[in-house]
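What follows is one structure encoded as structure tokens, with my remarks underneath.
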Amino acid sequence: MTEDEARELLQQRLAALGERVTLADIATATGRTAHYVRHYWANTPEQQFPRSLGNSDNGSKEFDREDVANWCRTHDVGVQLHADEIDDNRRDQVTTAQIAERLNLRDRSAVRYHARKHPADSADPYPETDDDGRRYWPDVLAWHQRHEKASRTKPGKKPTEGLTPRLQRVQLLADAAQERGEPLTARALADELGIHEDSAYRLLRALAKTNAAEPTLPPAAPSRD
């Protein structure tokens, strides 16, 4: 599924809902979890998510469906399919980039992460590449369907609670990197924030000290060369 197709499918799903939707409705339509929608969209001021219309009879916050659809359109949000929802019978050799696109992964680094974490001598190795660096698609899809994690549905502590605005941004970037299956390195953080790598490393250290969910840090401070 292409990004355009994912966005169009989401708009279709939202259009089929009632005029007032809950966070659970939005989560189901987008393929995210209610926890993700609540903490990373609705409870994050910089996202400018639509205001709640009030609570339903069971106490759930409700939102205007059209406002949510417009927000998703403006932010290029599309459906995030889970591996077990993908019905794709193609039998071809695919590149890393094609795997990421077909599985609706954030980027190809997630594929490389799985290949590193599940080498040929592991219990369930990631499908190997051929001489051209491609993998057999049916094997790749089946592997992801076996390894797909169960969705988180229980709300927890707000990921950025108690952090400074600067560290809130770092936390969100660290969580996004974790979703891709990789740690947030000082170099990646420096590129994202437009700061020196040493400063990025110090931010990661500060986050590790103030956040119980400590992010993965580089093994050593970056070189000053």
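Naming works like this for the structure tokens: A, B, ... for the chains as they're shown, residue 1 at the start of each chain, ligands 1 onward in shown order.
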Shell around Ala97 of chain A at 10 Å using only C-alpha atoms, local window under 2 positions removed, as an MDAnalysis selection string = chainID A and resid 94:95 99:102 105 107:109 111 134
Could you write those residues out with all heavy atoms, as a CSV table (one decimal), in the first residue's frame?
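Below is the file that was written, selection.csv:
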```csv
chain,number,residue,atom,x,y,z
A,94,VAL,N,11.8,-8.8,-3.3
A,94,VAL,CA,11.6,-7.4,-3.0
A,94,VAL,C,12.9,-6.8,-2.3
A,94,VAL,O,13.6,-7.5,-1.6
A,94,VAL,CB,10.4,-7.2,-2.1
A,94,VAL,CG1,9.1,-7.5,-2.9
A,94,VAL,CG2,10.4,-8.1,-0.9
A,95,THR,N,13.0,-5.5,-2.5
A,95,THR,CA,14.1,-4.8,-1.9
A,95,THR,C,13.7,-4.4,-0.5
A,95,THR,O,12.5,-4.5,-0.1
A,95,THR,CB,14.4,-3.5,-2.7
A,95,THR,OG1,13.3,-2.6,-2.7
A,95,THR,CG2,14.8,-3.8,-4.2
A,99,ILE,N,9.9,-3.6,1.0
A,99,ILE,CA,9.3,-4.3,2.2
A,99,ILE,C,8.7,-3.2,3.1
A,99,ILE,O,7.6,-3.4,3.6
A,99,ILE,CB,10.4,-5.1,2.9
A,99,ILE,CG1,10.9,-6.3,2.1
A,99,ILE,CG2,9.9,-5.5,4.3
A,99,ILE,CD1,12.1,-7.0,2.6
A,100,ALA,N,9.5,-2.1,3.3
A,100,ALA,CA,9.0,-1.1,4.2
A,100,ALA,C,7.7,-0.5,3.7
A,100,ALA,O,6.8,-0.2,4.4
A,100,ALA,CB,10.1,0.0,4.3
A,101,GLU,N,7.6,-0.3,2.3
A,101,GLU,CA,6.4,0.3,1.8
A,101,GLU,C,5.2,-0.7,1.9
A,101,GLU,O,4.1,-0.3,2.3
A,101,GLU,CB,6.7,0.6,0.3
A,101,GLU,CG,5.4,1.2,-0.4
A,101,GLU,CD,5.7,1.4,-1.9
A,101,GLU,OE1,6.8,1.8,-2.3
A,101,GLU,OE2,4.7,1.3,-2.7
A,102,ARG,N,5.4,-1.9,1.6
A,102,ARG,CA,4.3,-2.9,1.6
A,102,ARG,C,3.8,-3.2,3.1
A,102,ARG,O,2.6,-3.4,3.3
A,102,ARG,CB,4.8,-4.2,1.0
A,102,ARG,CG,5.0,-4.1,-0.5
A,102,ARG,CD,5.3,-5.5,-1.1
A,102,ARG,NE,5.7,-5.3,-2.5
A,102,ARG,CZ,5.8,-6.4,-3.4
A,102,ARG,NH1,5.7,-7.6,-2.9
A,102,ARG,NH2,6.1,-6.2,-4.6
A,105,LEU,N,5.9,0.4,7.0
A,105,LEU,CA,6.8,0.8,8.1
A,105,LEU,C,7.3,2.2,7.9
A,105,LEU,O,7.2,2.8,6.8
A,105,LEU,CB,8.1,-0.1,8.0
A,105,LEU,CG,7.8,-1.6,8.1
A,105,LEU,CD1,9.0,-2.4,8.0
A,105,LEU,CD2,7.1,-1.9,9.5
A,107,ASP,N,10.3,3.5,7.9
A,107,ASP,CA,11.4,3.6,6.9
A,107,ASP,C,12.1,2.3,6.9
A,107,ASP,O,11.8,1.3,7.7
A,107,ASP,CB,12.3,4.7,7.2
A,107,ASP,CG,12.9,4.6,8.6
A,107,ASP,OD1,13.5,3.5,8.9
A,107,ASP,OD2,12.9,5.6,9.4
A,108,ARG,N,13.0,2.1,5.9
A,108,ARG,CA,13.6,0.8,5.7
A,108,ARG,C,14.6,0.4,6.8
A,108,ARG,O,15.0,-0.8,6.9
A,108,ARG,CB,14.4,0.9,4.4
A,108,ARG,CG,15.6,1.9,4.4
A,108,ARG,CD,16.1,2.1,3.0
A,108,ARG,NE,15.2,2.9,2.2
A,108,ARG,CZ,15.4,3.2,0.9
A,108,ARG,NH1,16.5,2.8,0.3
A,108,ARG,NH2,14.5,3.9,0.2
A,109,SER,N,14.9,1.3,7.7
A,109,SER,CA,15.8,0.9,8.8
A,109,SER,C,15.2,-0.1,9.7
A,109,SER,O,15.9,-0.9,10.3
A,109,SER,CB,16.2,2.2,9.6
A,109,SER,OG,15.1,2.7,10.3
A,111,VAL,N,13.5,-2.7,8.7
A,111,VAL,CA,13.8,-4.0,8.1
A,111,VAL,C,15.2,-4.4,8.4
A,111,VAL,O,15.5,-5.6,8.8
A,111,VAL,CB,13.6,-3.9,6.5
A,111,VAL,CG1,13.9,-5.2,5.9
A,111,VAL,CG2,12.2,-3.5,6.2
A,134,ARG,N,17.8,-8.9,-2.4
A,134,ARG,CA,16.3,-8.9,-2.3
A,134,ARG,C,15.9,-10.1,-1.5
A,134,ARG,O,16.6,-11.1,-1.4
A,134,ARG,CB,15.7,-9.0,-3.7
A,134,ARG,CG,16.0,-7.7,-4.6
A,134,ARG,CD,15.6,-7.9,-6.0
A,134,ARG,NE,16.0,-6.8,-6.8
A,134,ARG,CZ,15.2,-5.8,-7.2
A,134,ARG,NH1,13.9,-5.8,-6.8
A,134,ARG,NH2,15.6,-4.8,-7.9
```
message = Under the rule that only C-alpha atoms are counted, which of A:Val79, A:Leu167, A:Ile26, A:Val21 is the nearest residue to Leu9 of chain A?
response =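 Smallest distance to Leu9 of chain A is found for A:Val79.
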task = Give me the residues within 10 Å of segment 47-60 of chain A as a PyMOL selection string, counting only C-alpha atoms and dropping any in the same chain fewer than 3 places off.
result = chain A and resi 20-24+37+40-44+63-72+75
Output file for the selection above: C-alpha atoms, as a PDB file, in the first residue's frame:
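Output file again_5.pdb is given in full below:
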```pdb
ATOM      1  CA  ARG A  20     -18.950  12.148  16.897  1.00  0.00           C
ATOM      2  CA  VAL A  21     -15.987   9.794  17.360  1.00  0.00           C
ATOM      3  CA  THR A  22     -13.996   8.655  20.383  1.00  0.00           C
ATOM      4  CA  LEU A  23     -10.261   8.089  20.667  1.00  0.00           C
ATOM      5  CA  ALA A  24     -10.963   4.363  20.424  1.00  0.00           C
ATOM      6  CA  VAL A  37      -3.665   8.432  19.778  1.00  0.00           C
ATOM      7  CA  TYR A  40       0.990  11.401  20.980  1.00  0.00           C
ATOM      8  CA  TRP A  41      -1.836  13.256  19.250  1.00  0.00           C
ATOM      9  CA  ALA A  42      -4.676  14.366  21.527  1.00  0.00           C
ATOM     10  CA  ASN A  43      -2.546  15.147  24.620  1.00  0.00           C
ATOM     11  CA  THR A  44       0.370  16.742  22.791  1.00  0.00           C
ATOM     12  CA  PHE A  63     -14.529  14.605  18.746  1.00  0.00           C
ATOM     13  CA  ASP A  64     -16.099  15.935  15.595  1.00  0.00           C
ATOM     14  CA  ARG A  65     -15.456  13.382  12.850  1.00  0.00           C
ATOM     15  CA  GLU A  66     -14.898  15.991  10.149  1.00  0.00           C
ATOM     16  CA  ASP A  67     -12.422  17.894  12.327  1.00  0.00           C
ATOM     17  CA  VAL A  68     -10.481  14.677  12.882  1.00  0.00           C
ATOM     18  CA  ALA A  69     -10.579  13.804   9.180  1.00  0.00           C
ATOM     19  CA  ASN A  70      -9.287  17.256   8.271  1.00  0.00           C
ATOM     20  CA  TRP A  71      -6.532  16.986  10.885  1.00  0.00           C
ATOM     21  CA  CYS A  72      -5.442  13.628   9.503  1.00  0.00           C
ATOM     22  CA  HIS A  75      -0.874  15.918   8.859  1.00  0.00           C
TER      23      HIS A  75
END
```
request  = Assign secondary structure with DSSP using the backbone only, and return the residues of chain A in helix (DSSP H, G or I) as a PyMOL selection string.
outcome  = chain A and resi 3-15+23-30+34-42+45-47+65-74+83-85+96-102+109-117+137-147+165-179+186-193+197-210
task = Any chance you could list, as a ChimeraX atom specification, the residues in segment 36-222 of chain A that come up strand (DSSP E or B) when DSSP is run on the backbone?
result = /A:54-55,61-64,93-94,135-136
Write the selection just made, keeping N, CA, C and O atoms, as a tab-separated table (two decimals), in the first residue's frame?
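Resulting contents of selection30.tsv:
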```
chain	number	residue	atom	x	y	z
A	54	GLY	N	-16.76	17.04	24.28
A	54	GLY	CA	-17.32	16.63	25.56
A	54	GLY	C	-17.21	15.13	25.71
A	54	GLY	O	-16.52	14.46	24.92
A	55	ASN	N	-17.89	14.59	26.68
A	55	ASN	CA	-17.82	13.15	26.94
A	55	ASN	C	-19.11	12.45	26.54
A	55	ASN	O	-20.20	13.02	26.60
A	61	LYS	N	-14.08	10.73	25.79
A	61	LYS	CA	-14.06	11.99	25.07
A	61	LYS	C	-14.52	11.77	23.63
A	61	LYS	O	-14.17	10.78	23.00
A	62	GLU	N	-15.29	12.73	23.12
A	62	GLU	CA	-15.77	12.65	21.75
A	62	GLU	C	-15.25	13.83	20.94
A	62	GLU	O	-15.05	14.93	21.46
A	63	PHE	N	-15.06	13.60	19.65
A	63	PHE	CA	-14.53	14.61	18.75
A	63	PHE	C	-15.38	14.65	17.49
A	63	PHE	O	-16.02	13.66	17.12
A	64	ASP	N	-15.37	15.80	16.85
A	64	ASP	CA	-16.10	15.93	15.59
A	64	ASP	C	-15.36	15.15	14.51
A	64	ASP	O	-14.17	15.36	14.28
A	93	GLN	N	10.65	-11.23	-5.49
A	93	GLN	CA	11.78	-10.82	-4.69
A	93	GLN	C	11.70	-9.30	-4.52
A	93	GLN	O	11.49	-8.57	-5.49
A	94	VAL	N	11.84	-8.83	-3.29
A	94	VAL	CA	11.64	-7.41	-3.02
A	94	VAL	C	12.85	-6.80	-2.31
A	94	VAL	O	13.58	-7.47	-1.58
A	135	ARG	N	14.69	-10.02	-0.95
A	135	ARG	CA	14.12	-11.10	-0.14
A	135	ARG	C	12.81	-11.56	-0.77
A	135	ARG	O	12.11	-10.80	-1.42
A	136	TYR	N	12.47	-12.84	-0.51
A	136	TYR	CA	11.25	-13.41	-1.08
A	136	TYR	C	10.05	-12.91	-0.28
A	136	TYR	O	9.93	-13.15	0.92
```
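Residues with any atom within 10 Å of Glu5 of chain A, counting only C-alpha atoms and excluding same-chain neighbours fewer than 5 positions away, are Leu10, Gln11, Gly78 and Val79 of chain A.
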Output the selection as a PDB file, in the first residue's frame - N, CA, C and O atoms for each residue.
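part-v2.pdb, written as the output of this step:
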```pdb
ATOM      1  N   LEU A  10      -7.858   5.759   5.003  1.00  0.00           N
ATOM      2  CA  LEU A  10      -8.228   6.326   6.295  1.00  0.00           C
ATOM      3  C   LEU A  10      -9.416   7.266   6.154  1.00  0.00           C
ATOM      4  O   LEU A  10     -10.348   7.229   6.969  1.00  0.00           O
ATOM      5  N   GLN A  11      -9.402   8.108   5.135  1.00  0.00           N
ATOM      6  CA  GLN A  11     -10.530   9.017   4.932  1.00  0.00           C
ATOM      7  C   GLN A  11     -11.827   8.248   4.705  1.00  0.00           C
ATOM      8  O   GLN A  11     -12.894   8.648   5.186  1.00  0.00           O
ATOM      9  N   GLY A  78      -2.187   8.347   7.461  1.00  0.00           N
ATOM     10  CA  GLY A  78      -2.869   7.294   6.727  1.00  0.00           C
ATOM     11  C   GLY A  78      -3.077   6.076   7.603  1.00  0.00           C
ATOM     12  O   GLY A  78      -2.636   6.039   8.757  1.00  0.00           O
ATOM     13  N   VAL A  79      -3.729   5.095   7.080  1.00  0.00           N
ATOM     14  CA  VAL A  79      -3.949   3.845   7.807  1.00  0.00           C
ATOM     15  C   VAL A  79      -2.615   3.132   8.004  1.00  0.00           C
ATOM     16  O   VAL A  79      -1.786   3.076   7.093  1.00  0.00           O
TER      17      VAL A  79
END
```
request  = May I have the residues within 12 Å of Asp84 of chain A as a PyMOL selection string, using only C-alpha atoms and disregarding those fewer than 5 positions away in the same chain?
outcome  = chain A and resi 31+103+141-150
Residues from the last selection, N, CA, C and O atoms, saved as a PDB file, in the first residue's frame:
```pdb
ATOM      1  N   GLY A  31      -5.421   2.392  12.711  1.00  0.00           N
ATOM      2  CA  GLY A  31      -4.534   1.257  12.901  1.00  0.00           C
ATOM      3  C   GLY A  31      -3.540   1.458  14.028  1.00  0.00           C
ATOM      4  O   GLY A  31      -2.663   0.627  14.243  1.00  0.00           O
ATOM      5  N   LEU A 103       4.727  -3.056   4.038  1.00  0.00           N
ATOM      6  CA  LEU A 103       4.327  -3.275   5.425  1.00  0.00           C
ATOM      7  C   LEU A 103       3.952  -1.980   6.127  1.00  0.00           C
ATOM      8  O   LEU A 103       3.625  -1.987   7.308  1.00  0.00           O
ATOM      9  N   LEU A 141       6.506 -11.526   4.555  1.00  0.00           N
ATOM     10  CA  LEU A 141       5.186 -11.234   5.121  1.00  0.00           C
ATOM     11  C   LEU A 141       4.842 -12.242   6.212  1.00  0.00           C
ATOM     12  O   LEU A 141       4.346 -11.869   7.285  1.00  0.00           O
ATOM     13  N   ALA A 142       5.115 -13.512   5.966  1.00  0.00           N
ATOM     14  CA  ALA A 142       4.819 -14.549   6.958  1.00  0.00           C
ATOM     15  C   ALA A 142       5.632 -14.323   8.236  1.00  0.00           C
ATOM     16  O   ALA A 142       5.122 -14.515   9.347  1.00  0.00           O
ATOM     17  N   TRP A 143       6.893 -13.900   8.094  1.00  0.00           N
ATOM     18  CA  TRP A 143       7.733 -13.650   9.269  1.00  0.00           C
ATOM     19  C   TRP A 143       7.143 -12.520  10.105  1.00  0.00           C
ATOM     20  O   TRP A 143       7.039 -12.626  11.329  1.00  0.00           O
ATOM     21  N   HIS A 144       6.753 -11.435   9.462  1.00  0.00           N
ATOM     22  CA  HIS A 144       6.189 -10.301  10.202  1.00  0.00           C
ATOM     23  C   HIS A 144       4.863 -10.661  10.851  1.00  0.00           C
ATOM     24  O   HIS A 144       4.543 -10.175  11.939  1.00  0.00           O
ATOM     25  N   GLN A 145       4.082 -11.504  10.211  1.00  0.00           N
ATOM     26  CA  GLN A 145       2.820 -11.928  10.809  1.00  0.00           C
ATOM     27  C   GLN A 145       3.057 -12.770  12.056  1.00  0.00           C
ATOM     28  O   GLN A 145       2.302 -12.689  13.019  1.00  0.00           O
ATOM     29  N   ARG A 146       4.139 -13.543  12.054  1.00  0.00           N
ATOM     30  CA  ARG A 146       4.470 -14.356  13.234  1.00  0.00           C
ATOM     31  C   ARG A 146       4.988 -13.492  14.382  1.00  0.00           C
ATOM     32  O   ARG A 146       4.747 -13.787  15.546  1.00  0.00           O
ATOM     33  N   HIS A 147       5.709 -12.442  14.056  1.00  0.00           N
ATOM     34  CA  HIS A 147       6.405 -11.665  15.071  1.00  0.00           C
ATOM     35  C   HIS A 147       5.689 -10.381  15.484  1.00  0.00           C
ATOM     36  O   HIS A 147       6.184  -9.681  16.365  1.00  0.00           O
ATOM     37  N   GLU A 148       4.572 -10.092  14.874  1.00  0.00           N
ATOM     38  CA  GLU A 148       3.886  -8.851  15.182  1.00  0.00           C
ATOM     39  C   GLU A 148       3.447  -8.841  16.635  1.00  0.00           C
ATOM     40  O   GLU A 148       2.833  -9.777  17.131  1.00  0.00           O
ATOM     41  N   LYS A 149       3.776  -7.736  17.333  1.00  0.00           N
ATOM     42  CA  LYS A 149       3.440  -7.618  18.751  1.00  0.00           C
ATOM     43  C   LYS A 149       1.979  -7.262  18.930  1.00  0.00           C
ATOM     44  O   LYS A 149       1.382  -6.583  18.105  1.00  0.00           O
ATOM     45  N   ALA A 150       1.429  -7.697  20.036  1.00  0.00           N
ATOM     46  CA  ALA A 150       0.047  -7.340  20.369  1.00  0.00           C
ATOM     47  C   ALA A 150      -0.014  -5.841  20.657  1.00  0.00           C
ATOM     48  O   ALA A 150       0.912  -5.251  21.197  1.00  0.00           O
TER      49      ALA A 150
END
```
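Of note, atom CA of Gln168 of chain A and atom CA of His35 of chain A are spaced 17.1 Å apart.
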